Amino acid sequence: MPNRTVIVEPRRPFREQGVERNEVMFVRSGILCKYKADGSGRRQIVALRFEGEVILPRLTVAGYGIQAIVRSDVMIGLADDFHRIVDAHSELYRFFWSRIQRDEAITYEWLVNCGRRDSTARVAHLLCETAARRGINGDERMTNPFTQQQIADITGQTSVNVNRVFADLERQGLIRREGRQIRFDDWAEMQRVASFQPGYLE
C-alpha cells in the first residue's frame with residue numbers, strides 16, 4: 001500500500017480531534033495514544049496503540065486527537081488505498097475485524113478500570129496491560145514508557161496521586177524501580193491487585 005513514514009515526537013499534537021481522518025496509521029515503533037479533552041481543556045487518554053498496532057480510518061469526523069507517548073515511527077496511508085486492498089482480500093477483512101473486536105475489549109476493560117477500581121488497581125492494571133501488549137512476561141524488566149502525567153491522563157487521577165501509588169506498589173514489594181526500568185517482584189500478586197486477566201487481549 002502506498003504510504004509515507006513520519007517520526008512523531010512525544011507530547012505534541014499530531015492530529016486534532018473534530019476533523020475528518022481519511023488515513024490509516026501503522027505504528028512501526030513507539031506508542032501512539034488517542035485522547036479527548038473536556039470543555040476546560042483537561043485531557044483523558046482513551047486508547048493506546050503499540051508497535052505493530054493500527055489506527056483505522058474514520059468514516060466520519062474523528063472525535064479524538066492523536067499524540068505520541070514516546071518518539072514514534074508511523075506509516076501513514078490513504079483510506080481509499082487501504083479499503084481497496086481489504087476489499088480485494090477477505091482474509092484481511094477478517095483480520096482487521098478481529099483487531100476491532102480486540103480494541104473494543106480493551107476499551108471495556110479501561111471503562112471498568114477508571115470507573116470501579118481503586119487508585120492502586122488502576123495503575124497496576126495499566127502496568128500489567130502494557131507489559132502484556134509489549135510481549136513482556138512478569139520475570140522481565142520493562143521500560144516504563146509513560147510520564148506520571150500520562151498515567152494520570154489514562155487512569156483518571158492526578159500526577160501527585162500516581163506518584164503515591166508507585167511508592168505504595170514498591171512498599172508492598174510488587175515492583176522495583178531503577179530509573180525508568182520496572183521490575184515486577186511478584187507478578188502473580190501484581191495481577192491479583194490489578195484484577196488483570198489477559199484474555200481480553202487475545
# chains A, B, ... in the order shown; residues from 1 in each chain; ligands from 1

call {"tool": "residues_around", "arguments": {"residues": "A:Arg11", "least_positions_apart": "5", "cutoff": "9 Å", "atoms": "only C-alpha atoms", "output": "list in words"}}
result
Gln67, Ala68, Ile69 and Val70 of chain A

call {"tool": "write_last_selection", "arguments": {"atoms": "C-alpha atoms", "output": "mmCIF file, in the first residue's frame"}}
result
data_model
loop_
_atom_site.group_PDB
_atom_site.id
_atom_site.type_symbol
_atom_site.label_atom_id
_atom_site.label_comp_id
_atom_site.auth_asym_id
_atom_site.auth_seq_id
_atom_site.Cartn_x
_atom_site.Cartn_y
_atom_site.Cartn_z
ATOM 1 C CA GLN A 67 -0.388 12.152 20.102
ATOM 2 C CA ALA A 68 2.762 10.122 20.627
ATOM 3 C CA ILE A 69 3.577 8.815 24.102
ATOM 4 C CA VAL A 70 7.210 8.330 23.087
#

call {"tool": "select_by_dssp", "arguments": {"residues": "stretch 128-190 of chain A", "states": "helix (DSSP H, G or I)", "output": "ChimeraX atom specification"}}
result
/A:128-133,148-155,159-171,187-190

call {"tool": "write_last_selection", "arguments": {"atoms": "C-alpha atoms", "output": "short mmCIF file (atom, residue, chain, number, x, y, z; two decimals), in the first residue's frame"}}
result
data_model
loop_
_atom_site.label_atom_id
_atom_site.label_comp_id
_atom_site.auth_asym_id
_atom_site.auth_seq_id
_atom_site.Cartn_x
_atom_site.Cartn_y
_atom_site.Cartn_z
CA CYS A 128 0.22 -5.24 33.60
CA GLU A 129 -1.54 -4.47 30.31
CA THR A 130 1.46 -2.54 28.99
CA ALA A 131 3.77 -5.46 29.76
CA ALA A 132 1.39 -7.93 28.10
CA ARG A 133 0.90 -5.83 24.97
CA GLN A 148 3.38 10.32 35.63
CA GLN A 149 1.08 12.87 33.94
CA GLN A 150 0.36 10.44 31.10
CA ILE A 151 -0.50 7.71 33.60
CA ALA A 152 -2.79 10.21 35.34
CA ASP A 153 -4.44 11.03 31.98
CA ILE A 154 -5.02 7.32 31.33
CA THR A 155 -6.26 6.34 34.78
CA SER A 159 0.03 13.01 38.83
CA VAL A 160 0.55 13.53 42.58
CA ASN A 161 -1.70 10.56 43.32
CA VAL A 162 0.08 8.44 40.69
CA ASN A 163 3.36 9.17 42.45
CA ARG A 164 1.86 7.96 45.74
CA VAL A 165 0.58 4.79 44.06
CA PHE A 166 4.04 3.92 42.69
CA ALA A 167 5.53 4.39 46.17
CA ASP A 168 2.81 2.14 47.59
CA LEU A 169 3.44 -0.57 44.97
CA GLU A 170 7.11 -0.52 45.94
CA ARG A 171 6.32 -0.67 49.67
CA TRP A 187 3.91 -10.82 39.12
CA ALA A 188 1.12 -13.07 40.39
CA GLU A 189 0.24 -10.69 43.23
CA MET A 190 0.54 -7.69 40.89
#

call {"tool": "residues_around", "arguments": {"residues": "stretch 73-77 of chain A", "least_positions_apart": "4", "cutoff": "8 Å", "atoms": "only C-alpha atoms", "output": "PDB file with all heavy atoms, in the first residue's frame"}}
result
ATOM      1  N   MET A   1       0.846  -1.187   0.000  1.00  0.00           N
ATOM      2  CA  MET A   1       0.000   0.000   0.000  1.00  0.00           C
ATOM      3  C   MET A   1       0.884   1.240   0.000  1.00  0.00           C
ATOM      4  O   MET A   1       1.838   1.314   0.796  1.00  0.00           O
ATOM      5  CB  MET A   1      -0.902   0.007   1.244  1.00  0.00           C
ATOM      6  CG  MET A   1      -1.921   1.117   1.235  1.00  0.00           C
ATOM      7  SD  MET A   1      -2.997   1.075   2.696  1.00  0.00           S
ATOM      8  CE  MET A   1      -1.892   1.767   3.906  1.00  0.00           C
ATOM      9  N   PRO A   2       0.617   2.212  -0.872  1.00  0.00           N
ATOM     10  CA  PRO A   2       1.410   3.452  -0.843  1.00  0.00           C
ATOM     11  C   PRO A   2       1.317   4.093   0.536  1.00  0.00           C
ATOM     12  O   PRO A   2       0.248   4.169   1.135  1.00  0.00           O
ATOM     13  CB  PRO A   2       0.736   4.330  -1.905  1.00  0.00           C
ATOM     14  CG  PRO A   2       0.021   3.370  -2.797  1.00  0.00           C
ATOM     15  CD  PRO A   2      -0.410   2.222  -1.924  1.00  0.00           C
ATOM     16  N   ASN A   3       2.452   4.556   1.034  1.00  0.00           N
ATOM     17  CA  ASN A   3       2.461   5.163   2.358  1.00  0.00           C
ATOM     18  C   ASN A   3       3.666   6.080   2.498  1.00  0.00           C
ATOM     19  O   ASN A   3       4.591   6.040   1.683  1.00  0.00           O
ATOM     20  CB  ASN A   3       2.482   4.089   3.454  1.00  0.00           C
ATOM     21  CG  ASN A   3       3.762   3.292   3.450  1.00  0.00           C
ATOM     22  OD1 ASN A   3       4.781   3.692   4.028  1.00  0.00           O
ATOM     23  ND2 ASN A   3       3.740   2.138   2.764  1.00  0.00           N
ATOM     24  N   ARG A   4       3.624   6.879   3.542  1.00  0.00           N
ATOM     25  CA  ARG A   4       4.785   7.681   3.909  1.00  0.00           C
ATOM     26  C   ARG A   4       5.071   7.428   5.378  1.00  0.00           C
ATOM     27  O   ARG A   4       4.161   7.162   6.166  1.00  0.00           O
ATOM     28  CB  ARG A   4       4.547   9.173   3.662  1.00  0.00           C
ATOM     29  CG  ARG A   4       3.374   9.761   4.415  1.00  0.00           C
ATOM     30  CD  ARG A   4       3.043  11.163   3.943  1.00  0.00           C
ATOM     31  NE  ARG A   4       1.854  11.681   4.602  1.00  0.00           N
ATOM     32  CZ  ARG A   4       1.864  12.407   5.712  1.00  0.00           C
ATOM     33  NH1 ARG A   4       3.021  12.720   6.278  1.00  0.00           N
ATOM     34  NH2 ARG A   4       0.750  12.838   6.251  1.00  0.00           N
ATOM     35  N   THR A   5       6.331   7.464   5.736  1.00  0.00           N
ATOM     36  CA  THR A   5       6.733   7.228   7.114  1.00  0.00           C
ATOM     37  C   THR A   5       7.075   8.558   7.765  1.00  0.00           C
ATOM     38  O   THR A   5       7.818   9.364   7.193  1.00  0.00           O
ATOM     39  CB  THR A   5       7.939   6.280   7.173  1.00  0.00           C
ATOM     40  OG1 THR A   5       7.581   5.039   6.561  1.00  0.00           O
ATOM     41  CG2 THR A   5       8.352   6.024   8.612  1.00  0.00           C
ATOM     42  N   VAL A   6       6.525   8.784   8.939  1.00  0.00           N
ATOM     43  CA  VAL A   6       6.795  10.030   9.662  1.00  0.00           C
ATOM     44  C   VAL A   6       7.275   9.691  11.071  1.00  0.00           C
ATOM     45  O   VAL A   6       6.921   8.659  11.637  1.00  0.00           O
ATOM     46  CB  VAL A   6       5.548  10.939   9.741  1.00  0.00           C
ATOM     47  CG1 VAL A   6       5.085  11.344   8.355  1.00  0.00           C
ATOM     48  CG2 VAL A   6       4.424  10.260  10.502  1.00  0.00           C
ATOM     49  N   ILE A   7       8.084  10.579  11.620  1.00  0.00           N
ATOM     50  CA  ILE A   7       8.501  10.488  13.014  1.00  0.00           C
ATOM     51  C   ILE A   7       7.612  11.433  13.809  1.00  0.00           C
ATOM     52  O   ILE A   7       7.532  12.625  13.507  1.00  0.00           O
ATOM     53  CB  ILE A   7       9.983  10.872  13.188  1.00  0.00           C
ATOM     54  CG1 ILE A   7      10.878   9.952  12.356  1.00  0.00           C
ATOM     55  CG2 ILE A   7      10.370  10.818  14.668  1.00  0.00           C
ATOM     56  CD1 ILE A   7      10.820   8.501  12.743  1.00  0.00           C
ATOM     57  N   VAL A   8       6.928  10.882  14.810  1.00  0.00           N
ATOM     58  CA  VAL A   8       6.022  11.679  15.633  1.00  0.00           C
ATOM     59  C   VAL A   8       6.684  11.903  16.986  1.00  0.00           C
ATOM     60  O   VAL A   8       6.984  10.943  17.705  1.00  0.00           O
ATOM     61  CB  VAL A   8       4.657  10.980  15.816  1.00  0.00           C
ATOM     62  CG1 VAL A   8       3.697  11.879  16.576  1.00  0.00           C
ATOM     63  CG2 VAL A   8       4.067  10.595  14.461  1.00  0.00           C
ATOM     64  N   GLU A  23      -7.259   8.475   6.706  1.00  0.00           N
ATOM     65  CA  GLU A  23      -5.946   7.855   6.636  1.00  0.00           C
ATOM     66  C   GLU A  23      -5.889   6.679   7.610  1.00  0.00           C
ATOM     67  O   GLU A  23      -6.677   6.583   8.542  1.00  0.00           O
ATOM     68  CB  GLU A  23      -4.859   8.870   6.985  1.00  0.00           C
ATOM     69  CG  GLU A  23      -5.034   9.486   8.363  1.00  0.00           C
ATOM     70  CD  GLU A  23      -4.135  10.688   8.603  1.00  0.00           C
ATOM     71  OE1 GLU A  23      -3.381  11.070   7.686  1.00  0.00           O
ATOM     72  OE2 GLU A  23      -4.185  11.235   9.708  1.00  0.00           O
ATOM     73  N   VAL A  24      -4.947   5.792   7.359  1.00  0.00           N
ATOM     74  CA  VAL A  24      -4.692   4.668   8.250  1.00  0.00           C
ATOM     75  C   VAL A  24      -3.263   4.806   8.754  1.00  0.00           C
ATOM     76  O   VAL A  24      -2.370   5.228   8.018  1.00  0.00           O
ATOM     77  CB  VAL A  24      -4.913   3.328   7.511  1.00  0.00           C
ATOM     78  CG1 VAL A  24      -4.014   3.211   6.294  1.00  0.00           C
ATOM     79  CG2 VAL A  24      -4.703   2.154   8.448  1.00  0.00           C
ATOM     80  N   MET A  25      -3.056   4.487  10.033  1.00  0.00           N
ATOM     81  CA  MET A  25      -1.731   4.633  10.640  1.00  0.00           C
ATOM     82  C   MET A  25      -1.279   3.295  11.209  1.00  0.00           C
ATOM     83  O   MET A  25      -2.013   2.681  11.989  1.00  0.00           O
ATOM     84  CB  MET A  25      -1.760   5.660  11.775  1.00  0.00           C
ATOM     85  CG  MET A  25      -2.145   7.053  11.347  1.00  0.00           C
ATOM     86  SD  MET A  25      -2.091   8.184  12.765  1.00  0.00           S
ATOM     87  CE  MET A  25      -2.838   9.630  12.000  1.00  0.00           C
ATOM     88  N   PHE A  26      -0.087   2.855  10.822  1.00  0.00           N
ATOM     89  CA  PHE A  26       0.533   1.666  11.385  1.00  0.00           C
ATOM     90  C   PHE A  26       1.723   2.106  12.236  1.00  0.00           C
ATOM     91  O   PHE A  26       2.603   2.828  11.749  1.00  0.00           O
ATOM     92  CB  PHE A  26       1.013   0.721  10.278  1.00  0.00           C
ATOM     93  CG  PHE A  26      -0.099   0.090   9.494  1.00  0.00           C
ATOM     94  CD1 PHE A  26      -0.594   0.698   8.349  1.00  0.00           C
ATOM     95  CD2 PHE A  26      -0.664  -1.106   9.903  1.00  0.00           C
ATOM     96  CE1 PHE A  26      -1.622   0.124   7.622  1.00  0.00           C
ATOM     97  CE2 PHE A  26      -1.692  -1.691   9.176  1.00  0.00           C
ATOM     98  CZ  PHE A  26      -2.176  -1.074   8.036  1.00  0.00           C
ATOM     99  N   VAL A  27       1.750   1.685  13.480  1.00  0.00           N
ATOM    100  CA  VAL A  27       2.841   2.061  14.375  1.00  0.00           C
ATOM    101  C   VAL A  27       3.997   1.073  14.177  1.00  0.00           C
ATOM    102  O   VAL A  27       3.897  -0.100  14.527  1.00  0.00           O
ATOM    103  CB  VAL A  27       2.381   2.044  15.851  1.00  0.00           C
ATOM    104  CG1 VAL A  27       3.524   2.489  16.761  1.00  0.00           C
ATOM    105  CG2 VAL A  27       1.165   2.943  16.035  1.00  0.00           C
ATOM    106  N   ARG A  28       5.083   1.557  13.583  1.00  0.00           N
ATOM    107  CA  ARG A  28       6.261   0.705  13.375  1.00  0.00           C
ATOM    108  C   ARG A  28       7.087   0.597  14.645  1.00  0.00           C
ATOM    109  O   ARG A  28       7.655  -0.450  14.943  1.00  0.00           O
ATOM    110  CB  ARG A  28       7.120   1.271  12.244  1.00  0.00           C
ATOM    111  CG  ARG A  28       6.470   1.187  10.871  1.00  0.00           C
ATOM    112  CD  ARG A  28       7.368   1.752   9.786  1.00  0.00           C
ATOM    113  NE  ARG A  28       8.638   1.036   9.713  1.00  0.00           N
ATOM    114  CZ  ARG A  28       9.610   1.360   8.856  1.00  0.00           C
ATOM    115  NH1 ARG A  28       9.467   2.379   8.026  1.00  0.00           N
ATOM    116  NH2 ARG A  28      10.731   0.673   8.840  1.00  0.00           N
ATOM    117  N   SER A  29       7.189   1.677  15.371  1.00  0.00           N
ATOM    118  CA  SER A  29       7.870   1.665  16.666  1.00  0.00           C
ATOM    119  C   SER A  29       7.298   2.793  17.507  1.00  0.00           C
ATOM    120  O   SER A  29       6.768   3.771  16.981  1.00  0.00           O
ATOM    121  CB  SER A  29       9.392   1.821  16.504  1.00  0.00           C
ATOM    122  OG  SER A  29       9.699   3.104  15.983  1.00  0.00           O
ATOM    123  N   GLY A  30       7.393   2.643  18.830  1.00  0.00           N
ATOM    124  CA  GLY A  30       6.861   3.674  19.710  1.00  0.00           C
ATOM    125  C   GLY A  30       5.442   3.364  20.168  1.00  0.00           C
ATOM    126  O   GLY A  30       4.962   2.230  20.071  1.00  0.00           O
ATOM    127  N   ASP A  81      -6.850   3.730  -0.470  1.00  0.00           N
ATOM    128  CA  ASP A  81      -5.928   2.645  -0.815  1.00  0.00           C
ATOM    129  C   ASP A  81      -6.120   1.470   0.136  1.00  0.00           C
ATOM    130  O   ASP A  81      -6.120   0.299  -0.287  1.00  0.00           O
ATOM    131  CB  ASP A  81      -4.483   3.134  -0.751  1.00  0.00           C
ATOM    132  CG  ASP A  81      -4.163   4.157  -1.833  1.00  0.00           C
ATOM    133  OD1 ASP A  81      -4.770   4.072  -2.924  1.00  0.00           O
ATOM    134  OD2 ASP A  81      -3.310   5.026  -1.589  1.00  0.00           O
ATOM    135  N   PHE A  82      -6.279   1.765   1.402  1.00  0.00           N
ATOM    136  CA  PHE A  82      -6.478   0.719   2.404  1.00  0.00           C
ATOM    137  C   PHE A  82      -7.751  -0.067   2.116  1.00  0.00           C
ATOM    138  O   PHE A  82      -7.749  -1.300   2.109  1.00  0.00           O
ATOM    139  CB  PHE A  82      -6.536   1.371   3.792  1.00  0.00           C
ATOM    140  CG  PHE A  82      -6.892   0.427   4.899  1.00  0.00           C
ATOM    141  CD1 PHE A  82      -5.957  -0.456   5.413  1.00  0.00           C
ATOM    142  CD2 PHE A  82      -8.170   0.428   5.435  1.00  0.00           C
ATOM    143  CE1 PHE A  82      -6.280  -1.322   6.452  1.00  0.00           C
ATOM    144  CE2 PHE A  82      -8.502  -0.430   6.475  1.00  0.00           C
ATOM    145  CZ  PHE A  82      -7.553  -1.312   6.982  1.00  0.00           C
TER     146      PHE A  82
END

call {"tool": "closest_residue", "arguments": {"among": "A:Leu56, A:Glu178, A:Val193, A:Pro13", "to": "A:Trp97", "atoms": "only C-alpha atoms"}}
result
A:Leu56

call {"tool": "residues_around", "arguments": {"residues": "A:Glu109", "least_positions_apart": "6", "cutoff": "12 Å", "atoms": "only C-alpha atoms", "output": "JSON, numbers by chain"}}
result
{"A": [46, 47, 102, 103, 115, 116, 117, 122, 125, 126, 129, 155, 194, 195, 196, 197, 198, 199, 200, 201]}

call {"tool": "atom_distance", "arguments": {"atom1": "atom CA of A:Val54", "atom2": "atom CA of A:Glu91"}}
result
16.7 Å

call {"tool": "atom_distance", "arguments": {"atom1": "atom CA of A:Thr143", "atom2": "atom CA of A:Arg180"}}
result
5.6 Å

call {"tool": "closest_residue", "arguments": {"among": "A:Phe50, A:Gln172, A:Leu59, A:Glu104", "to": "A:Asn22", "atoms": "only C-alpha atoms"}}
result
A:Leu59

call {"tool": "select_by_dssp", "arguments": {"residues": "stretch 20-101 of chain A", "states": "strand (DSSP E)", "output": "ChimeraX atom specification"}}
result
/A:20,23-37,43-49,54-55,61-62,65-78

call {"tool": "atom_distance", "arguments": {"atom1": "atom CA of A:Arg43", "atom2": "atom CA of A:Gly156"}}
result
9.3 Å

call {"tool": "closest_residue", "arguments": {"among": "A:Ile45, A:Thr147, A:Gln17, A:Gln191", "to": "A:Cys114", "atoms": "only C-alpha atoms"}}
result
A:Ile45

call {"tool": "residues_around", "arguments": {"residues": "A:Gly63", "least_positions_apart": "5", "cutoff": "10 Å", "atoms": "only C-alpha atoms", "output": "JSON, numbers by chain"}}
result
{"A": [16, 17, 18, 19, 20, 21, 34, 35, 36, 37, 58]}

call {"tool": "closest_residue", "arguments": {"among": "A:Ala121, A:Leu111, A:Val86, A:Glu51", "to": "A:Gly135", "atoms": "only C-alpha atoms"}}
result
A:Glu51
